[in-house]
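Okay, structure first, notes after.
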Amino acid sequence: MAKHELISTAEAARRKACSRNAILAAIKRKAIDGENLGAQYVVRANPKFERWQPNPKRQRAGRDNQEGSTG
């Protein structure tokens, strides 16, 4: 099995233009491969991660909720 780069959830979120919470949720759903390293999760940047796309409706809802709570 080929080794794949391990990246932080923050880096994974940056690469996919989504929130860190979206990455954590995808790990928990097993939509992407992640590992718990102590207090943090890391993402295996493999073809499964490359194919995965965040749900635009959920991302928009999350942004709307954040904007509504700041006012």
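Chains: A, B, ... in order of the structure tokens. Residues: from 1 per chain. Ligands: from 1, in order shown.
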Next item on the list: Mind checking which residues fall within 12 Å of segment 10-16 of chain A, counting only C-alpha atoms, ignoring those fewer than 5 positions away in the same chain, and posting them as an NGL selection string?
Entry: :A and (5 or 21-27 or 32-34 or 40-46 or 49-56 or 59)
Margin query: Let's see if you can do this: from backbone DSSP, list all helix (DSSP H, G or I) residues in segment 32-61 of chain A, as a count of residues only.
Written below: 11
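In this structure, atom CA of Thr9 of chain A sits 15.1 Å away from atom CA of Lys48 of chain A.
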Next item on the list: Rounded to one decimal place, report the atom CA of Gly68 of chain A-atom CA of Arg29 of chain A distance in Å.
Entry: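 Between atom CA of Gly68 of chain A and atom CA of Arg29 of chain A the gap works out to 27.4 Å.
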